[in-house]
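**Q** Contents of my_file_9.cif (mmCIF, C-alpha atoms and all ligand atoms) are below:
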```cif
data_target
loop_
_atom_site.label_atom_id
_atom_site.label_comp_id
_atom_site.auth_asym_id
_atom_site.auth_seq_id
_atom_site.Cartn_x
_atom_site.Cartn_y
_atom_site.Cartn_z
CA MET A 1 -18.45 27.61 11.10
CA THR A 2 -14.91 28.24 9.94
CA PHE A 3 -14.58 25.64 7.21
CA ASP A 4 -14.84 27.16 3.75
CA TRP A 5 -15.63 25.26 0.54
CA ASN A 6 -13.34 27.54 -1.46
CA ALA A 7 -11.65 27.20 -4.88
CA HIS A 8 -8.82 25.13 -3.38
CA ARG A 9 -11.31 22.42 -2.30
CA PHE A 10 -12.36 22.16 -5.93
CA SER A 11 -8.86 21.58 -7.31
CA GLY A 12 -10.01 18.25 -8.78
CA GLY A 13 -11.22 20.08 -11.87
CA VAL A 14 -14.34 17.93 -12.29
CA LEU A 15 -17.15 17.07 -9.89
CA ALA A 16 -16.20 13.37 -9.65
CA LEU A 17 -12.69 14.12 -8.39
CA ASP A 18 -13.80 17.00 -6.16
CA LEU A 19 -16.14 14.54 -4.47
CA ALA A 20 -13.33 11.99 -4.00
CA ASN A 21 -11.24 14.82 -2.48
CA THR A 22 -13.74 15.42 0.32
CA VAL A 23 -11.51 12.96 2.18
CA ILE A 24 -8.20 14.71 2.77
CA PHE A 25 -4.83 12.99 3.14
CA ARG A 26 -6.10 9.62 1.97
CA GLY A 27 -3.59 6.89 2.69
CA ASP A 28 -2.20 8.69 5.73
CA PRO A 29 -4.19 7.39 8.73
CA GLN A 30 -2.61 9.97 11.06
CA ARG A 31 -3.91 12.92 9.06
CA SER A 32 -6.80 11.50 7.03
CA LEU A 33 -10.09 13.31 7.54
CA ASP A 34 -13.53 12.85 5.96
CA ARG A 35 -15.27 16.23 5.57
CA PHE A 36 -18.60 14.40 5.44
CA ASP A 37 -18.18 13.03 8.97
CA ASP A 38 -20.17 16.15 9.73
CA PRO A 39 -23.43 15.64 7.74
CA ASN A 40 -23.95 19.42 7.65
CA GLU A 41 -21.10 19.59 5.13
CA LEU A 42 -23.05 17.61 2.50
CA PRO A 43 -25.47 20.42 1.52
CA ARG A 44 -22.67 22.98 1.83
CA PHE A 45 -20.51 20.97 -0.59
CA ALA A 46 -23.46 20.55 -3.01
CA GLU A 47 -24.08 24.30 -3.00
CA ALA A 48 -20.42 25.21 -3.56
CA ALA A 49 -20.02 22.52 -6.25
CA ALA A 50 -22.81 24.11 -8.33
CA ILE A 51 -20.80 27.35 -8.30
CA PHE A 52 -17.32 25.93 -8.92
CA ARG A 53 -18.45 23.35 -11.48
CA ILE A 54 -20.56 25.69 -13.58
CA GLY A 55 -18.11 25.14 -16.47
CA GLU A 56 -18.76 21.41 -16.36
CA TRP A 57 -22.47 21.43 -15.56
CA GLY A 58 -23.85 24.83 -16.53
CA ASN A 59 -26.67 26.27 -14.48
CA VAL A 60 -27.41 23.47 -12.03
CA GLN A 61 -28.63 22.68 -8.56
CA PHE A 62 -27.16 19.58 -6.96
CA HIS A 63 -29.41 17.87 -4.44
CA PRO A 64 -27.51 16.53 -1.43
CA PRO A 65 -28.67 13.20 0.03
CA LEU A 66 -31.68 13.49 2.34
CA SER A 67 -31.83 10.07 3.96
CA GLN A 68 -29.33 7.67 5.47
CA LYS A 69 -29.76 5.42 2.44
CA GLU A 70 -29.05 8.24 0.01
CA THR A 71 -26.02 9.29 2.04
CA GLU A 72 -24.68 5.74 1.89
CA ALA A 73 -25.18 5.69 -1.90
CA LEU A 74 -23.24 8.96 -2.25
CA ILE A 75 -20.39 7.74 -0.04
CA GLY A 76 -20.39 4.46 -1.98
CA ILE A 77 -19.94 6.16 -5.34
CA ARG A 78 -17.36 8.55 -3.84
CA GLU A 79 -15.22 5.70 -2.56
CA VAL A 80 -15.34 3.69 -5.77
CA ILE A 81 -14.55 6.79 -7.86
CA ASN A 82 -11.52 7.26 -5.64
CA SER A 83 -10.24 3.70 -5.89
CA LEU A 84 -11.02 3.36 -9.63
CA PHE A 85 -9.13 6.49 -10.68
CA ARG A 86 -6.41 6.30 -8.04
CA SER A 87 -5.41 2.86 -9.26
CA ALA A 88 -5.50 4.24 -12.82
CA THR A 89 -2.90 6.84 -11.78
CA ARG A 90 -0.73 4.15 -10.18
CA GLU A 91 -1.08 1.17 -12.49
CA GLY A 92 -2.28 2.94 -15.60
CA SER A 93 -5.25 0.59 -15.85
CA LEU A 94 -8.79 0.23 -14.55
CA GLN A 95 -9.45 -2.63 -12.15
CA SER A 96 -12.37 -4.88 -13.08
CA GLY A 97 -13.74 -5.07 -9.51
CA ASP A 98 -13.76 -1.27 -9.15
CA LEU A 99 -15.21 -0.71 -12.61
CA SER A 100 -18.05 -3.15 -12.05
CA THR A 101 -18.88 -1.68 -8.60
CA PHE A 102 -18.73 1.82 -10.11
CA LEU A 103 -21.16 0.89 -12.90
CA ARG A 104 -23.53 -0.94 -10.54
CA LEU A 105 -23.69 1.89 -7.94
CA GLY A 106 -23.91 4.48 -10.72
CA SER A 107 -26.72 2.61 -12.40
CA ASP A 108 -28.69 2.62 -9.12
CA LEU A 109 -28.12 6.35 -8.70
CA VAL A 110 -29.22 7.16 -12.26
CA CYS A 111 -32.22 4.84 -11.83
CA ASN A 112 -33.32 6.83 -8.76
CA GLU A 113 -33.32 10.15 -10.62
CA PRO A 114 -36.90 11.35 -11.17
CA GLU A 115 -38.22 11.11 -14.74
CA GLY A 116 -37.56 14.08 -16.95
CA ARG A 117 -34.22 15.12 -15.50
CA ASP A 118 -31.61 16.27 -17.99
CA LEU A 119 -28.62 13.95 -17.58
CA ARG A 120 -26.50 15.29 -20.42
CA LEU A 121 -22.93 16.26 -19.88
CA PRO A 122 -21.39 18.60 -20.85
CA ASN A 123 -24.09 21.13 -20.40
CA LEU A 124 -25.78 22.04 -23.66
CA SER A 125 -28.54 24.39 -22.61
CA GLU A 126 -28.94 27.56 -20.60
CA LYS A 127 -31.93 26.23 -18.71
CA LYS A 128 -31.37 25.58 -15.01
CA ARG A 129 -31.60 21.92 -14.09
CA GLU A 130 -31.56 19.76 -10.99
CA LEU A 131 -29.66 16.57 -10.32
CA SER A 132 -28.80 14.49 -7.31
CA LEU A 133 -25.19 14.97 -6.27
CA GLY A 134 -24.46 11.24 -6.48
CA ALA A 135 -25.86 10.77 -10.01
CA ALA A 136 -24.02 13.91 -11.17
CA ALA A 137 -20.72 12.64 -9.72
CA PHE A 138 -21.22 9.31 -11.50
CA LEU A 139 -21.90 11.04 -14.85
CA SER A 140 -18.87 13.28 -14.32
CA ALA A 141 -16.73 10.18 -13.67
CA MET A 142 -18.11 8.41 -16.78
CA ARG A 143 -16.46 11.07 -18.91
CA LEU A 144 -13.13 10.38 -17.24
CA LEU A 145 -13.13 6.88 -18.71
CA ASP A 146 -12.28 8.44 -22.07
CA PRO A 147 -8.56 7.53 -22.50
CA ALA A 148 -7.66 11.12 -23.45
CA ARG A 149 -8.94 12.29 -20.08
CA LEU A 150 -8.03 9.20 -18.06
CA GLU A 151 -4.33 9.70 -18.75
CA ARG A 152 -4.57 13.24 -17.42
CA ILE A 153 -5.68 12.18 -13.95
CA LYS A 154 -2.92 12.61 -11.36
CA ALA A 155 -2.51 12.32 -7.58
CA CYS A 156 -0.98 15.28 -5.75
CA PRO A 157 2.30 14.15 -4.11
CA ASN A 158 1.66 16.38 -1.09
CA CYS A 159 -1.99 15.82 -0.13
CA TYR A 160 -2.92 12.80 -2.34
CA TRP A 161 -5.90 14.55 -3.90
CA LEU A 162 -6.83 13.46 -7.40
CA TYR A 163 -7.01 16.10 -10.12
CA LEU A 164 -7.47 16.38 -13.86
CA ASP A 165 -4.40 17.99 -15.41
CA GLU A 166 -5.79 20.00 -18.29
CA SER A 167 -2.58 21.96 -18.91
CA ARG A 168 -1.41 21.88 -22.53
CA ASN A 169 1.70 19.75 -21.96
CA ARG A 170 0.41 17.91 -18.90
CA SER A 171 2.96 19.61 -16.66
CA ARG A 172 0.82 20.30 -13.60
CA ARG A 173 2.56 18.78 -10.58
CA TRP A 174 0.27 19.76 -7.72
CA CYS A 175 -3.44 19.81 -7.00
CA ASP A 176 -2.97 23.51 -6.28
CA MET A 177 0.33 25.32 -6.83
CA ASN A 178 -0.62 27.98 -4.29
CA VAL A 179 -1.15 25.45 -1.52
CA CYS A 180 0.70 22.17 -2.05
CA GLY A 181 3.27 23.60 -4.48
CA ASN A 182 4.25 26.34 -2.04
CA ARG A 183 4.36 23.94 0.90
CA ALA A 184 6.78 21.71 -0.99
CA LYS A 185 8.89 24.72 -1.96
CA ALA A 186 9.01 25.91 1.66
CA ARG A 187 10.00 22.41 2.80
CA ARG A 188 12.84 22.22 0.27
CA HIS A 189 14.03 25.67 1.36
CA TYR A 190 13.91 24.62 5.02
CA ASN A 191 15.80 21.37 4.37
CA ARG A 192 18.47 23.23 2.42
CA ASN A 193 18.95 25.73 5.25
CA VAL A 194 19.13 22.98 7.86
CA LYS A 195 21.73 21.18 5.77
CA GLN A 196 23.76 24.36 5.30
CA ALA A 197 23.55 25.16 9.01
CA GLY A 198 24.77 21.62 9.71
CA ASN A 199 27.72 22.05 7.34
CA ASN A 200 28.71 25.29 9.07
CA HIS A 201 29.11 23.42 12.31
CA VAL A 202 31.55 20.90 10.88
ZN ZN B 301 -2.27 18.76 -3.01
#
```
Show the structure stored in the file as structure tokens.
**A**
Amino acid sequence: MTFDWNAHRFSGGVLALDLANTVIFRGDPQRSLDRFDDPNELPRFAEAAAIFRIGEWGNVQFHPPLSQKETEALIGIREVINSLFRSATREGSLQSGDLSTFLRLGSDLVCNEPEGRDLRLPNLSEKKRELSLGAAAFLSAMRLLDPARLERIKACPNCYWLYLDESRNRSRRWCDMNVCGNRAKARRHYNRNVKQAGNNHV
């Protein structure tokens, strides 16, 4: 297994957007790839998310889906989180169809959580808790509906991932400066050199 759920894969900043970003290069059919096409990646993502999202969730264990039905529910909430917040970045508004699907699927996920689970967010206690990945992603996304956070959601111009820009003056341009930022810089450098080389030939 060479694929690594490293810090870069959690550039979204919150669980909801990290989940949406498990499809890479959305909107580019040539390069688009769903990491969950391999079902083995679901528990691996859940395990890594508990580590990278400790700031959001505290001490937590996310339960990956165990049945086909649960997997479909997780993919359903992932896709509607993506379309709801992606259209917010483009049109600056939430679409009624997406919002109603989001609330309906999220309600089902929360309803399926066993009694007694702690659904609060942000985390307010040190005690370790358990949550299904889908319900946790829904709760994470609920907080993004707050206008102060909603206006900080951006789409990376290189890879199309969604991320929450928590920088003080909202100046973050890339999902990850070290990956997409550097790729763009290298491309600009290359284009400049090609242009200069072209001019030399004239
Ligand atoms: Zn990117």
**Q** Taking only C-alpha atoms and all ligand atoms into account, list the residues no farther than 9 Å from ligand ZN 301 (chain B), as a PyMOL selection string.
**A** chain A and resi 11+25+155-163+173-177+179-181
**Q** Have a look at CA of Thr89 in chain A and CA of Gly27 in chain A and let me know their distance in Å, one decimal.
**A** 14.5 Å
**Q** Can you tell me how far CA of Ala49 in chain A sits from CA of Ser171 in chain A, in Å to one decimal?
**A**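 So the answer is 25.4 Å.
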**Q** For CA of Leu94 in chain A and CA of Leu145 in chain A, determine how far apart the two atoms are, in Å to one decimal place.
**A**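 That distance, rounded to one decimal, is 9.0 Å.
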**Q** Residues near range 120-128 of chain A, anyone? I mean within 7 Å using all atoms listed in the file, not counting same-chain ones fewer than 4 positions away, as a PyMOL selection string.
**A** chain A and resi 56-60
**Q** Please produce an output containing C-alpha atoms for each residue in the selection, written as a tab-separated table (two decimals), in the coordinates of the input.
**A**
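To be explicit, this is the file written out as selection-v8.tsv:
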```tsv
chain	number	residue	atom	x	y	z
A	56	GLU	CA	-18.76	21.41	-16.36
A	57	TRP	CA	-22.47	21.43	-15.56
A	58	GLY	CA	-23.85	24.83	-16.53
A	59	ASN	CA	-26.67	26.27	-14.48
A	60	VAL	CA	-27.41	23.47	-12.03
```
**Q** Using only C-alpha atoms, which protein or nucleic acid residues come within 12 Å of Val110 in chain A? Drop anything in the same chain fewer than 4 positions from it, and give the result as an MDAnalysis selection string.
**A** chainID A and resid 73:74 77 102:106 114:120 131:139
**Q** If we count all atoms listed in the file and set the cut-off at 12 Å, which residues sit around Gly13 in chain A, ignoring sequence neighbours fewer than 2 positions away in its own chain? Please answer as a count of residues only.
**A** 35
**Q** Please return, as a list in words, all polymer residues that have at least one atom within 7 Å of the point (-9.9, 2.1, -12.1); use all atoms listed in the file and the file's own coordinate frame.
**A** Ser83, Leu84, Phe85, Arg86, Ser87, Ala88, Ser93, Leu94, Gln95, Asp98 and Leu99 of chain A
